[in-house]
Each structure stands twice: as C-alpha cells, then as structure tokens.
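**Student:** Structure: start.txt, compact mmCIF, C-alpha atoms.
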# COMPACT_ATOMS: atom_id res chain seq x y z
CA MET A 1 0.00 0.00 0.00
CA THR A 2 1.38 3.46 -0.88
CA VAL A 3 1.75 6.26 1.66
CA ARG A 4 -1.07 8.08 -0.13
CA LYS A 5 -3.39 5.10 0.27
CA LEU A 6 -2.46 4.74 3.90
CA ARG A 7 -3.25 8.40 4.50
CA ALA A 8 -6.58 7.84 2.81
CA VAL A 9 -7.29 5.01 5.25
CA ALA A 10 -6.36 7.20 8.18
CA ALA A 11 -8.48 10.05 6.80
CA ALA A 12 -11.42 7.68 6.43
CA LEU A 13 -11.12 6.68 10.07
CA LEU A 14 -11.09 10.34 11.07
CA LEU A 15 -13.97 11.17 8.75
CA GLY A 16 -16.08 8.48 10.40
CA SER A 17 -15.37 10.01 13.79
CA ALA A 18 -15.98 13.58 12.65
CA THR A 19 -19.29 12.61 11.12
CA LEU A 20 -20.45 11.13 14.41
CA ALA A 21 -19.42 14.24 16.31
CA GLY A 22 -21.10 16.53 13.79
CA THR A 23 -24.30 14.56 13.95
CA VAL A 24 -24.46 15.00 17.72
CA VAL A 25 -23.93 18.74 17.57
CA LEU A 26 -26.50 19.29 14.82
CA THR A 27 -29.28 17.04 16.09
CA SER A 28 -28.88 17.28 19.84
CA SER A 29 -31.38 20.12 20.34
CA PRO A 30 -34.44 18.30 18.86
CA ALA A 31 -33.35 15.11 20.65
CA ILE A 32 -32.83 16.87 23.93
CA ALA A 33 -36.20 18.61 23.55
CA ALA A 34 -37.77 15.15 23.68
CA VAL A 35 -36.14 14.24 27.00
CA ARG A 36 -36.71 15.51 30.52
CA ALA A 37 -35.13 18.80 31.51
CA SER A 38 -33.11 17.08 34.22
CA VAL A 39 -31.31 15.19 31.45
CA GLY A 40 -31.57 17.67 28.59
CA LYS A 41 -30.24 20.76 30.34
CA PRO A 42 -26.86 19.31 31.39
CA LEU A 43 -26.50 17.80 27.91
CA GLN A 44 -27.12 21.18 26.27
CA ASP A 45 -24.48 22.65 28.56
CA ALA A 46 -22.12 19.79 27.67
CA ILE A 47 -22.54 20.49 23.95
CA ALA A 48 -21.79 24.17 24.45
CA LEU A 49 -18.69 23.33 26.45
CA LEU A 50 -17.66 20.76 23.82
CA ASN A 51 -17.81 23.43 21.10
CA GLN A 52 -15.61 25.60 23.33
CA LYS A 53 -13.19 22.64 23.66
CA ASN A 54 -13.65 22.63 27.42
CA TYR A 55 -13.71 18.86 27.53
CA ALA A 56 -13.33 18.34 31.27
CA ALA A 57 -16.31 20.55 32.05
CA ALA A 58 -18.32 18.92 29.24
CA LYS A 59 -17.66 15.48 30.76
CA ALA A 60 -18.81 16.73 34.13
CA LYS A 61 -22.11 17.87 32.63
CA VAL A 62 -22.61 14.47 30.98
CA SER A 63 -22.04 12.87 34.38
CA GLU A 64 -24.89 15.03 35.76
CA ALA A 65 -27.19 13.69 33.07
CA GLU A 66 -26.04 10.12 33.72
CA ALA A 67 -26.88 10.51 37.42
CA VAL A 68 -30.58 11.09 36.72
CA ALA A 69 -32.66 8.10 37.78
CA ASN A 70 -35.07 6.09 35.65
CA LYS A 71 -33.76 7.25 32.28
CA THR A 72 -35.70 6.30 29.17
CA PRO A 73 -33.99 4.47 26.29
CA GLU A 74 -33.99 7.71 24.31
CA GLU A 75 -32.37 9.60 27.17
CA THR A 76 -29.70 6.91 27.52
CA SER A 77 -29.05 6.99 23.77
CA THR A 78 -28.74 10.78 23.72
CA ILE A 79 -26.34 10.76 26.67
CA ALA A 80 -24.19 8.13 24.90
CA ALA A 81 -24.08 10.21 21.70
CA VAL A 82 -22.90 13.34 23.50
CA LYS A 83 -20.39 11.33 25.53
CA ASN A 84 -18.97 9.80 22.35
CA ALA A 85 -18.69 13.21 20.72
CA ILE A 86 -16.65 14.49 23.65
CA ALA A 87 -14.40 11.43 23.56
CA ILE A 88 -13.81 11.83 19.82
CA ASN A 89 -13.09 15.55 19.88
CA SER A 90 -10.88 15.34 22.96
CA GLY A 91 -9.01 12.24 21.75
CA ASP A 92 -9.81 10.40 24.96
CA THR A 93 -7.86 7.18 24.50
CA SER A 94 -9.71 5.48 27.32
CA THR A 95 -12.66 5.15 24.93
CA PRO A 96 -12.79 3.34 21.57
CA GLN A 97 -14.05 6.42 19.74
CA GLY A 98 -11.44 8.73 21.22
CA ALA A 99 -8.59 6.30 20.66
CA LYS A 100 -9.64 5.89 17.04
CA ALA A 101 -9.86 9.65 16.47
CA LYS A 102 -6.47 10.36 18.08
CA PHE A 103 -4.89 7.60 16.03
CA ALA A 104 -6.18 9.09 12.77
CA ASN A 105 -5.30 12.67 13.77
CA ASP A 106 -1.76 11.70 14.75
CA TYR A 107 -1.17 9.93 11.45
CA ASN A 108 -2.53 12.85 9.43
CA ALA A 109 -0.26 15.18 11.44
CA ARG A 110 2.68 12.83 10.69
CA LYS A 111 3.28 12.27 14.40
CA PHE A 112 4.51 8.77 13.68
CA LYS A 113 5.91 7.96 17.10
CA ASP A 114 2.55 8.94 18.60
CA VAL A 115 0.80 6.71 16.06
CA ILE A 116 2.90 3.77 17.25
CA ALA A 117 2.01 4.55 20.88
CA ASP A 118 -1.67 4.92 19.92
CA GLY A 119 -1.63 1.27 18.91
CA ASP A 120 -1.59 0.30 22.60
CA ALA A 121 -4.76 2.35 23.21
CA LEU A 122 -6.46 0.72 20.23
CA LYS A 123 -5.53 -2.71 21.55
CA LYS A 124 -6.79 -1.93 25.09
CA ASN A 125 -10.10 -0.82 23.60
CA GLY A 126 -10.36 -3.95 21.45
CA ILE A 127 -10.33 -2.07 18.14
CA LEU A 128 -6.84 -2.86 16.84
CA ASP A 129 -7.72 -4.31 13.42
CA ALA A 130 -5.60 -5.23 10.39
CA SER A 131 -5.97 -1.79 8.78
CA SER A 132 -4.78 -0.08 11.97
CA MET A 133 -1.82 -2.45 12.27
CA GLN A 134 -0.88 -1.69 8.67
CA ILE A 135 -0.86 2.03 9.48
CA ILE A 136 1.28 1.41 12.58
CA ALA A 137 3.77 -0.59 10.51
CA GLN A 138 3.87 2.28 8.02
CA ALA A 139 4.45 4.69 10.91
CA TYR A 140 7.54 2.69 11.91
CA TYR A 141 8.77 2.96 8.32
CA GLU A 142 8.01 6.69 8.04
CA SER A 143 9.75 7.40 11.35
CA GLY A 144 12.91 5.78 9.99
CA ASP A 145 12.75 2.74 12.26
CA LYS A 146 13.10 0.06 9.58
CA ALA A 147 14.12 -2.63 12.07
CA GLY A 148 11.06 -1.78 14.16
CA CYS A 149 8.92 -2.02 11.03
CA GLU A 150 10.21 -5.53 10.33
CA LYS A 151 9.76 -6.64 13.94
CA TYR A 152 6.23 -5.24 14.17
CA ILE A 153 5.05 -6.96 10.99
CA LYS A 154 6.63 -10.28 11.91
CA SER A 155 5.16 -10.14 15.43
CA ASN A 156 1.64 -9.04 14.53
CA PHE A 157 0.76 -10.50 11.12
CA SER A 158 0.48 -14.28 11.05
CA SER A 159 -0.53 -14.31 7.36
CA PRO A 160 0.33 -10.88 5.94
CA GLY A 161 -1.43 -9.76 2.79
CA ASP A 162 0.33 -8.42 -0.27
CA THR A 163 0.22 -4.79 0.92
CA THR A 164 1.90 -5.72 4.19
CA LEU A 165 4.44 -7.90 2.40
CA GLU A 166 5.35 -4.99 0.11
CA LEU A 167 6.00 -2.83 3.16
CA LEU A 168 8.02 -5.61 4.81
CA MET A 169 10.06 -5.94 1.63
CA ARG A 170 10.86 -2.20 1.63
CA CYS A 171 11.79 -2.24 5.32
CA ALA A 172 14.02 -5.27 4.80
CA TYR A 173 15.69 -3.68 1.77
CA ASP A 174 16.49 -0.49 3.69
CA ASN A 175 17.61 -2.58 6.66
CA GLN A 176 19.88 -4.70 4.39
CA ASP A 177 18.08 -7.84 5.53
CA ASP A 178 18.29 -10.03 2.42
CA ASP A 179 16.71 -13.07 4.06
CA THR A 180 13.53 -11.22 5.04
CA GLN A 181 13.41 -9.43 1.71
CA ARG A 182 13.70 -12.75 -0.14
CA SER A 183 11.02 -14.37 2.01
CA ALA A 184 8.60 -11.49 1.36
CA LEU A 185 9.29 -11.57 -2.38
CA GLU A 186 8.86 -15.34 -2.54
CA THR A 187 5.45 -15.07 -0.90
CA LEU A 188 4.45 -12.21 -3.21
CA VAL A 189 5.52 -14.29 -6.21
CA ALA A 190 3.54 -17.26 -4.89
CA HIS A 191 0.46 -15.07 -4.32
CA THR A 192 0.50 -13.09 -7.55
CA GLY A 193 3.14 -14.24 -10.04
CA LYS A 194 3.59 -10.57 -11.02
CA PRO A 195 6.66 -9.92 -13.20
CA GLU A 196 7.77 -7.04 -10.98
CA TYR A 197 8.08 -9.39 -8.00
CA TRP A 198 9.80 -12.05 -10.09
CA SER A 199 12.24 -9.44 -11.36
CA ASN A 200 13.14 -8.26 -7.85
CA LEU A 201 13.43 -11.81 -6.53
CA LEU A 202 15.66 -12.99 -9.36
CA LYS A 203 17.88 -9.90 -9.08
CA LEU A 204 18.28 -10.58 -5.38
CA SER A 205 19.08 -14.22 -6.11
CA GLU A 206 21.54 -13.33 -8.85
CA HIS A 207 23.59 -11.25 -6.42
CA ALA A 208 23.58 -13.77 -3.58
CA GLN A 209 27.01 -14.65 -2.24
CA GLY A 210 28.61 -17.86 -3.44
CA MET A 211 26.76 -18.11 -6.74
CA ARG A 212 28.36 -20.52 -9.21
CA ASP A 213 28.04 -20.16 -12.98
CA ALA A 214 25.50 -23.00 -13.01
CA ASP A 215 23.40 -21.18 -10.39
CA THR A 216 23.52 -17.92 -12.34
CA LEU A 217 22.51 -19.82 -15.48
CA SER A 218 19.47 -21.19 -13.64
CA VAL A 219 18.46 -17.70 -12.50
CA TYR A 220 18.76 -16.33 -16.04
CA ARG A 221 16.76 -19.24 -17.43
CA LEU A 222 13.99 -18.25 -15.05
CA LYS A 223 14.31 -14.63 -16.14
CA LEU A 224 13.65 -15.78 -19.69
CA LEU A 225 10.73 -18.00 -18.68
CA THR A 226 9.08 -15.37 -16.48
CA GLY A 227 9.45 -12.64 -19.09
CA THR A 228 11.65 -10.52 -16.83
CA ILE A 229 14.85 -10.74 -18.87
CA SER A 230 15.67 -7.33 -20.25
CA GLY A 231 18.13 -5.72 -22.59
CA LYS A 232 21.00 -6.85 -24.71
CA ASP A 233 23.36 -7.65 -21.85
CA GLU A 234 21.06 -10.12 -20.07
CA TYR A 235 20.27 -12.08 -23.24
CA PHE A 236 23.97 -12.15 -24.11
CA LEU A 237 24.98 -13.33 -20.62
CA LEU A 238 22.40 -16.13 -20.67
CA ALA A 239 23.58 -17.34 -24.07
CA GLN A 240 27.24 -17.01 -23.09
CA LEU A 241 26.79 -19.00 -19.88
CA ALA A 242 24.85 -21.73 -21.68
CA LEU A 243 27.58 -22.03 -24.30
CA GLN A 244 30.42 -22.02 -21.75
CA LEU A 245 28.76 -24.76 -19.71
CA GLY A 246 28.24 -26.96 -22.76
CA PHE A 247 24.65 -26.27 -23.80
CA ALA A 248 25.14 -24.91 -27.31
CA PRO A 249 21.61 -25.60 -28.67
CA GLU A 250 20.15 -23.61 -25.78
CA ALA A 251 22.61 -20.76 -26.39
CA GLN A 252 21.63 -20.66 -30.05
CA ALA A 253 17.91 -20.56 -29.20
CA VAL A 254 18.42 -17.76 -26.66
CA ILE A 255 20.29 -15.56 -29.14
CA VAL A 256 17.68 -16.08 -31.85
CA LYS A 257 14.90 -15.19 -29.42
CA GLY A 258 16.83 -12.23 -28.09
CA GLN A 259 17.55 -10.82 -31.53
CA ALA A 260 13.81 -10.90 -32.27
CA ALA A 261 13.14 -8.92 -29.09
CA VAL A 262 16.12 -6.55 -28.86
CA LYS A 263 17.47 -4.75 -31.93
CA GLU A 264 20.81 -4.02 -30.26
CA LEU A 265 21.51 -7.76 -30.06
CA ASN A 266 22.14 -7.89 -33.81
CA ASP A 267 25.70 -6.63 -33.36
CA ALA A 268 28.94 -8.24 -34.53
CA ARG A 269 29.87 -9.60 -31.09
CA THR A 270 26.53 -11.37 -30.66
CA ASN A 271 26.52 -12.70 -34.21
CA LYS A 272 29.97 -14.17 -33.61
CA LEU A 273 28.64 -15.91 -30.49
CA LEU A 274 25.66 -17.16 -32.48
CA GLU A 275 27.88 -18.70 -35.16
CA LEU A 276 29.97 -20.40 -32.48
CA ALA A 277 26.81 -21.73 -30.81
CA LYS A 278 25.47 -23.04 -34.13
CA GLY A 279 28.67 -24.95 -34.83
CA GLN A 280 28.81 -26.52 -31.38
CA ALA A 281 25.06 -27.28 -31.42
CA ALA A 282 25.43 -29.20 -34.68
CA ALA A 283 28.28 -31.21 -33.17
CA ASP A 284 26.22 -31.91 -30.04
CA VAL A 285 23.32 -33.27 -32.06
CA ALA A 286 25.61 -35.37 -34.25
CA ASN A 287 27.41 -36.91 -31.29
CA LEU A 288 24.39 -37.31 -28.97
CA SER A 289 23.91 -41.07 -29.45
CA LYS A 290 27.62 -41.80 -28.96
CA ASN A 291 27.87 -39.53 -25.90
CA LEU A 292 24.72 -41.00 -24.37
CA ALA A 293 26.01 -44.56 -24.76
CA ALA A 294 29.31 -43.61 -23.14
CA ALA A 295 27.53 -41.85 -20.28
CA ASN A 296 25.27 -44.85 -19.66
CA ALA A 297 28.33 -47.10 -19.51
CA ALA A 298 30.19 -44.84 -17.07
CA PRO A 299 30.19 -45.75 -13.35
CA GLN A 300 29.37 -42.16 -12.37
CA GLY A 301 26.19 -40.32 -13.41
CA ASP A 302 27.63 -36.83 -13.96
CA ALA A 303 27.85 -37.16 -17.76
CA LEU A 304 24.22 -38.25 -17.90
CA VAL A 305 23.19 -35.17 -15.89
CA LYS A 306 24.88 -32.90 -18.42
CA ILE A 307 23.23 -34.68 -21.34
CA ALA A 308 19.82 -34.41 -19.64
CA GLU A 309 20.36 -30.69 -19.16
CA ASP A 310 21.36 -30.34 -22.81
CA GLN A 311 18.26 -32.29 -23.89
CA TRP A 312 16.10 -29.92 -21.83
CA GLY A 313 17.71 -26.95 -23.61
CA GLN A 314 16.92 -28.55 -26.97
CA GLY A 315 13.26 -28.87 -26.02
CA LYS A 316 13.50 -32.66 -25.63
CA ALA A 317 12.04 -32.70 -22.12
CA LYS A 318 10.67 -36.26 -22.25
CA ASP A 319 14.07 -37.60 -23.26
CA ALA A 320 15.66 -35.53 -20.50
CA ILE A 321 13.42 -37.18 -17.88
CA GLY A 322 14.73 -40.66 -18.68
CA THR A 323 18.33 -39.48 -18.86
CA ALA A 324 18.14 -37.65 -15.53
CA GLN A 325 16.44 -40.61 -13.86
CA ALA A 326 19.25 -42.86 -15.07
CA ALA A 327 21.82 -40.42 -13.72
CA LEU A 328 20.21 -40.39 -10.28
CA LYS A 329 20.62 -44.17 -10.03
CA LYS A 330 24.40 -43.74 -10.11
CA PRO A 331 26.90 -42.03 -7.78
CA LEU A 332 26.95 -38.27 -8.43
CA THR A 333 29.20 -35.37 -7.60
CA ASP A 334 26.15 -33.15 -7.05
CA LYS A 335 22.94 -35.08 -6.52
CA ASN A 336 20.90 -31.95 -5.76
CA HIS A 337 21.84 -30.40 -9.11
CA ALA A 338 20.82 -33.61 -10.86
CA THR A 339 17.48 -33.52 -9.05
CA ILE A 340 16.90 -29.94 -10.22
CA ILE A 341 17.54 -31.01 -13.82
CA LEU A 342 14.99 -33.82 -13.41
CA GLY A 343 12.48 -31.29 -12.08
CA MET A 344 13.13 -29.00 -15.07
CA ALA A 345 12.59 -31.96 -17.40
CA TYR A 346 9.28 -32.84 -15.73
CA LEU A 347 8.18 -29.23 -16.02
CA GLY A 348 9.21 -29.02 -19.66
CA ALA A 349 7.15 -32.15 -20.35
CA GLY A 350 4.09 -30.60 -18.69
CA GLN A 351 4.24 -32.80 -15.57
CA LYS A 352 3.90 -29.94 -13.08
CA GLY A 353 2.99 -32.08 -10.07
CA ASP A 354 6.07 -34.25 -10.51
CA ALA A 355 8.18 -31.15 -11.11
CA VAL A 356 7.07 -29.45 -7.87
CA LYS A 357 7.59 -32.64 -5.86
CA THR A 358 11.07 -33.06 -7.33
CA PHE A 359 12.14 -29.46 -6.73
CA ASP A 360 10.82 -29.55 -3.17
CA SER A 361 12.88 -32.66 -2.44
CA VAL A 362 16.09 -30.66 -2.78
CA LYS A 363 17.32 -29.81 0.72
CA GLY A 364 20.43 -28.09 1.96
CA PRO A 365 21.87 -26.00 4.79
CA ALA A 366 21.21 -22.28 5.10
CA GLY A 367 22.71 -20.47 2.14
CA ASP A 368 22.90 -23.59 -0.03
CA LYS A 369 22.55 -22.43 -3.63
CA ASN A 370 21.06 -25.67 -4.94
CA ALA A 371 18.27 -25.35 -2.39
CA MET A 372 17.72 -21.71 -3.37
CA VAL A 373 17.61 -22.51 -7.09
CA ALA A 374 15.27 -25.47 -6.54
CA HIS A 375 12.92 -23.28 -4.54
CA LEU A 376 12.85 -20.67 -7.32
CA TRP A 377 11.98 -23.35 -9.86
CA SER A 378 9.31 -24.72 -7.52
CA LEU A 379 7.72 -21.27 -7.27
CA TYR A 380 7.72 -21.02 -11.06
CA ALA A 381 6.26 -24.51 -11.48
CA ARG A 382 3.42 -23.70 -9.08
CA ARG A 383 2.42 -20.68 -11.17
Reformat the file's structure so that it appears as structure tokens.
**Tutor:**
Amino acid sequence: MTVRKLRAVAAALLLGSATLAGTVVLTSSPAIAAVRASVGKPLQDAIALLNQKNYAAAKAKVSEAEAVANKTPEETSTIAAVKNAIAINSGDTSTPQGAKAKFANDYNARKFKDVIADGDALKKNGILDASSMQIIAQAYYESGDKAGCEKYIKSNFSSPGDTTLELLMRCAYDNQDDDTQRSALETLVAHTGKPEYWSNLLKLSEHAQGMRDADTLSVYRLKLLTGTISGKDEYFLLAQLALQLGFAPEAQAVIVKGQAAVKELNDARTNKLLELAKGQAAADVANLSKNLAAANAAPQGDALVKIAEDQWGQGKAKDAIGTAQAALKKPLTDKNHATIILGMAYLGAGQKGDAVKTFDSVKGPAGDKNAMVAHLWSLYARR
C-alpha cells in the first residue's frame, strides 16, 4: 500500500469520527427537547462546552445527566451520543471512539511515534484491526525505524497480505536484511506471479554470495521463462553461460529469441557468439547417441546429468526425464543439481505435479545455492 493510500485510510477513520461528532452537535437540540429537563439541560451545557473545547467541564455535565434516575432508552441513547462526541473531539484514548480519532489525527499530522504509541490504546479498547496495524507498521517505516517495522510486521501478522508484504520488503531492503526481503518476495511471487516481484526476486538471487556459474545460469533461465529478462546484456549473458557450460543448442535458441526482441543484439559480437553456438550445437546433435552410450556405460552419473540438461535446452524434455532418472541411479558429484535437472525436465514435459515434488525434495543447509535454485523453480512450477 502506498503512503497516499495509507493516509486515505487514516483520513477515512477520522472522517467516520468527525461525522459522528457533527451529527451530535446538529441534532442534539431536537433530541434533547424530547427528554426531561433534568437530562436535557446538562446535555445542552455539555454540547456548548464541547464546542468551546472545554472537555473536562463537558464530561462533568454528561455525568450530571447520567446521574438522573429512571432514564428512558432515548435519554440513555442521547447521553451516549454526547459522551462519544466528547471522547472523539478530545481524543480520549480510554474510549474506543477517542482512541480511534487520536490515532487518525496523529497519522494525518505525521506524528509517527505517537501513532505507534496509539496502537496500545487501540488494543486496550479492542479495536486494533488489520488496517490499523498496517498504518502502525507504516508509521515505523516513516519514522525511519526500519528494524522496528520488520519486527512489528513479523510479530503481529500471522498471514500478511500483499500490501503488508510490500512494506516488509521495503523495510528489509532499507535494513539490508536479504533473508527477510527474499522471504517477502517469494510469498508475493507465490500469491500473484507478477513480473515485478519475479524481477526483484531474481535480481536478489543473482547477487547472492557464493553463486556458481551453473546457479547464475538457472536464474537467467527463469528470467527468460518469467518474461523478466531485459536488454541486450542479459540475453547475451544467458547465451554465453549456456555455451560455456556446454549447452550450445540452448545458447543458439536464446540468441535467436533475443535478436527478435532486442534490436541491439544484432551486433557483430553477438553474431559471432551465435555462429559459435550453431557450430557446437550441430556437433552436439551429431554426437548425442555416442555420448549418451558412453555416459550410460560410465560408473558415475555426472555425464548423464549434463546430457539431460542439454536435452532440456533442446526442447527434448521427455528424453531428459529418462536421462536424468538414469543419472540419479548412479553415484553423483552433485545429486541436488541432478534432481533440479529432473524437475526442469518434468516441467518441460508438462508434468507440473512431478516437477514441484522433485524441486521440493532438494534440501540443503542455510545459504545452499542448490536449495535456493530449486525453490525458485518450484515457485515457477506452481504458477
């Protein structure tokens, strides 16, 4: 939610209070005329004192009216209306109406520390709702307390909505808390699938510490699939990484797609890379059967993993499934990477359920890049 929207919410809360107060002042005379003088006279005095902002004296007059015995329902209702008007206009935080009015007034006056303190009064009066908590979280942010903003949201929102997650993401970014920022973005991606959230999440992932070329290639593949890849440099880097890691057909396909989308990619440097990719792709296709036989005969499964990844890049997802499954039956240098390739193959073949299950099976310690990459692919598969 933007600051403007939050101010609109706060203004709406205040408007509701002001309307109630105005109604009392405008209609109290006919109402009071219908009640006994012993009740009506002190209420008329209370209204006059209220308009003079003499709230203590106005309350005392209401107490006189309340002390009258055998009040009718109309008298009780009129007393309550005047009492509420005093609470609202005085910002009496011991009452729900006053606490609500003070909260809105403090936010509109940009008294953000007071807004945060007002939250306690709202809670004591049983009127601390999700909208109010959102405004309090925003007050932490506006006051410059980004750590407090994070802590408040995490402590008070069990299932934050997208507006709250956006605020948490901004607080985490300013607080240089990458873990919280990533978590918020992942949830936003899961909720909405919006390209803007994908773009921010993949940028954050791309710059994570300890990224290997294979991890960066996975992130850029997802940029292409989510439509968040942009500009000449990102297309070129994706193609270059694919070619360097031995996936020439994929590199060729990326350049062709990029040149159709970005005019600047039709330069001499890119065309040279394209020709190199074409030559290596032709060799890959020609030698596939021989390489696959050799990989199947090898005691280790690493060569099969690479072939499965190459098959995925060629659009041969069903073939890649069998190759990756065969690889996982053998000893592997990196079993988690092989599992990710199997998940990609399932996804490419349209088997989303199997893909999600496979990606989610990849586990690792905190900061493990295979686990991070697998989770990104799982989010994409779920969308």
**Student:** Using only C-alpha atoms, which of A:Ser230, A:Gln325, A:Gln240, A:Asn105 sits nearest Val262 (chain A)?
**Tutor:**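 Selected residue with least distance to Val262 (chain A): A:Ser230.
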**Student:** Residues within 10 Å of region 266-272 of chain A, please, as JSON, numbers by chain. Count all atoms listed in the file; anything in the same chain fewer than 2 positions from it doesn't count.
**Tutor:** {"A": [232, 235, 236, 239, 240, 255, 256, 258, 259, 260, 262, 263, 264, 274, 275, 276, 277, 278]}
**Student:** Considering all atoms listed in the file, return as a PyMOL selection string whatever protein or nucleic-acid residues lie within 8 Å of region 117-122 of chain A, sequence-local ones (same chain, fewer than 4 positions apart) excluded.
**Tutor:** chain A and resi 93-94+96+99-100+102-103+113+126-128+132-133+136
**Student:** Find the smallest box with edges along x, y and z containing every listed atom of region 333-343 of chain A, then add 6 Å on each side and report centre and edge lengths in Å to one decimal, as lines of an AutoDock Vina configuration file.
**Tutor:**
center_x = 20.8
center_y = -32.7
center_z = -9.8
size_x = 28.7
size_y = 17.4
size_z = 20.1
**Student:** In Å to one decimal, how far is CA of Asp284 (chain A) from CA of Gly227 (chain A)?
**Tutor:** 27.8 Å
**Student:** So that I can see what lies close to region 215-224 of chain A, please list as a ChimeraX atom specification the residues with an atom at most 8 Å from it, counting all atoms listed in the file and leaving out residues fewer than 4 positions away in the same chain.
**Tutor:** /A:198-199,202,205-206,211,228-229,234,238,241-242,369-370,373,377,380
**Student:** Counting all atoms listed in the file, which residue out of A:Asn296, A:Thr180, A:Asn51, A:Ser159 sits closest to Asn89 (chain A)?
**Tutor:**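 Among the listed residues, the smallest separation from Asn89 (chain A) belongs to A:Asn51.
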**Student:** Find the residues around Gln300 (chain A) up to 6 Å (all atoms listed in the file counted), leave out those fewer than 2 positions away in its own chain, and share them as a VMD selection string.
**Tutor:** chain A and resid 298 302 330 to 331
**Student:** Work out how far apart CA of Ala281 (chain A) and CA of Ala326 (chain A) are and give it in Å to one decimal.
**Tutor:** 23.3 Å
**Student:** Got a sec to check which residues sit within 10 Å of (12.7, -23.6, -10.7), counting all atoms listed in the file, and write them as an MDAnalysis selection string?
**Tutor:** chainID A and resid 218:219 221:222 225 340:341 343:344 347 355:356 359:360 372:382
**Student:** Selection from above, C-alpha atoms, as a short mmCIF file (atom, residue, chain, number, x, y, z; two decimals), keeping the file's coordinate frame, can you write it?
**Tutor:**
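Output saved as part.cif:
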data_model
loop_
_atom_site.label_atom_id
_atom_site.label_comp_id
_atom_site.auth_asym_id
_atom_site.auth_seq_id
_atom_site.Cartn_x
_atom_site.Cartn_y
_atom_site.Cartn_z
CA SER A 218 19.47 -21.19 -13.64
CA VAL A 219 18.46 -17.70 -12.50
CA ARG A 221 16.76 -19.24 -17.43
CA LEU A 222 13.99 -18.25 -15.05
CA LEU A 225 10.73 -18.00 -18.68
CA ILE A 340 16.90 -29.94 -10.22
CA ILE A 341 17.54 -31.01 -13.82
CA GLY A 343 12.48 -31.29 -12.08
CA MET A 344 13.13 -29.00 -15.07
CA LEU A 347 8.18 -29.23 -16.02
CA ALA A 355 8.18 -31.15 -11.11
CA VAL A 356 7.07 -29.45 -7.87
CA PHE A 359 12.14 -29.46 -6.73
CA ASP A 360 10.82 -29.55 -3.17
CA MET A 372 17.72 -21.71 -3.37
CA VAL A 373 17.61 -22.51 -7.09
CA ALA A 374 15.27 -25.47 -6.54
CA HIS A 375 12.92 -23.28 -4.54
CA LEU A 376 12.85 -20.67 -7.32
CA TRP A 377 11.98 -23.35 -9.86
CA SER A 378 9.31 -24.72 -7.52
CA LEU A 379 7.72 -21.27 -7.27
CA TYR A 380 7.72 -21.02 -11.06
CA ALA A 381 6.26 -24.51 -11.48
CA ARG A 382 3.42 -23.70 -9.08
#
**Student:** Residues near Ala147 (chain A), anyone? I mean within 12 Å using only C-alpha atoms, not counting same-chain ones fewer than 5 positions away, as a list in words.
**Tutor:**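 Counting only the stated atoms, we get Ala137, Tyr140, Tyr141, Glu142, Tyr152, Ile153, Lys154, Leu168, Met169, Arg170, Cys171, Ala172, Tyr173, Asp174, Asn175, Gln176, Asp177 and Thr180 of chain A.
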**Student:** Output C-alpha atoms for every residue in the selection just made, as a short mmCIF file (atom, residue, chain, number, x, y, z; two decimals), keeping the file's coordinate frame.
**Tutor:**
data_model
loop_
_atom_site.label_atom_id
_atom_site.label_comp_id
_atom_site.auth_asym_id
_atom_site.auth_seq_id
_atom_site.Cartn_x
_atom_site.Cartn_y
_atom_site.Cartn_z
CA ALA A 137 3.77 -0.59 10.51
CA TYR A 140 7.54 2.69 11.91
CA TYR A 141 8.77 2.96 8.32
CA GLU A 142 8.01 6.69 8.04
CA TYR A 152 6.23 -5.24 14.17
CA ILE A 153 5.05 -6.96 10.99
CA LYS A 154 6.63 -10.28 11.91
CA LEU A 168 8.02 -5.61 4.81
CA MET A 169 10.06 -5.94 1.63
CA ARG A 170 10.86 -2.20 1.63
CA CYS A 171 11.79 -2.24 5.32
CA ALA A 172 14.02 -5.27 4.80
CA TYR A 173 15.69 -3.68 1.77
CA ASP A 174 16.49 -0.49 3.69
CA ASN A 175 17.61 -2.58 6.66
CA GLN A 176 19.88 -4.70 4.39
CA ASP A 177 18.08 -7.84 5.53
CA THR A 180 13.53 -11.22 5.04
#
**Student:** Between A:Asp178, A:Glu166, A:Glu66, A:Asp213, which has the minimum distance to Ala80 (chain A) (counting only C-alpha atoms)?
**Tutor:**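 Of A:Asp178, A:Glu166, A:Glu66, A:Asp213, the one nearest Ala80 (chain A) is A:Glu66, counting only C-alpha atoms.
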**Student:** Work out how far apart CA of Val254 (chain A) and CA of Arg182 (chain A) are and give it in Å to one decimal.
**Tutor:**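 Atom-to-atom, CA of Val254 (chain A) to CA of Arg182 (chain A), that is 27.4 Å.
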**Student:** Calculated over only C-alpha atoms, which of the candidates A:Asp368, A:Pro73, A:Lys316, A:Ile47 has the smallest distance to Ala34 (chain A)?
**Tutor:**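 Among the listed residues, A:Pro73 lies closest to Ala34 (chain A).
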**Student:** Using all atoms listed in the file, which of A:Leu273, A:Val62, A:Leu342, A:Leu328 sits nearest Lys357 (chain A)?
**Tutor:**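 Smallest separation from Lys357 (chain A) among the options: A:Leu342.
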**Student:** Anything within 7 Å of (17.6, -33.5, -17.9): list those residues as a PyMOL selection string, counting only C-alpha atoms and sticking to the file's coordinates.
**Tutor:** chain A and resi 305+307-312+320-321+323-324+341-342+344-345
**Student:** With C-alpha atoms retained, export the selected residues as an mmCIF file, in the frame of the given file.
**Tutor:**
data_model
loop_
_atom_site.group_PDB
_atom_site.id
_atom_site.type_symbol
_atom_site.label_atom_id
_atom_site.label_comp_id
_atom_site.auth_asym_id
_atom_site.auth_seq_id
_atom_site.Cartn_x
_atom_site.Cartn_y
_atom_site.Cartn_z
ATOM 1 C CA VAL A 305 23.190 -35.170 -15.890
ATOM 2 C CA ILE A 307 23.230 -34.680 -21.340
ATOM 3 C CA ALA A 308 19.820 -34.410 -19.640
ATOM 4 C CA GLU A 309 20.360 -30.690 -19.160
ATOM 5 C CA ASP A 310 21.360 -30.340 -22.810
ATOM 6 C CA GLN A 311 18.260 -32.290 -23.890
ATOM 7 C CA TRP A 312 16.100 -29.920 -21.830
ATOM 8 C CA ALA A 320 15.660 -35.530 -20.500
ATOM 9 C CA ILE A 321 13.420 -37.180 -17.880
ATOM 10 C CA THR A 323 18.330 -39.480 -18.860
ATOM 11 C CA ALA A 324 18.140 -37.650 -15.530
ATOM 12 C CA ILE A 341 17.540 -31.010 -13.820
ATOM 13 C CA LEU A 342 14.990 -33.820 -13.410
ATOM 14 C CA MET A 344 13.130 -29.000 -15.070
ATOM 15 C CA ALA A 345 12.590 -31.960 -17.400
#
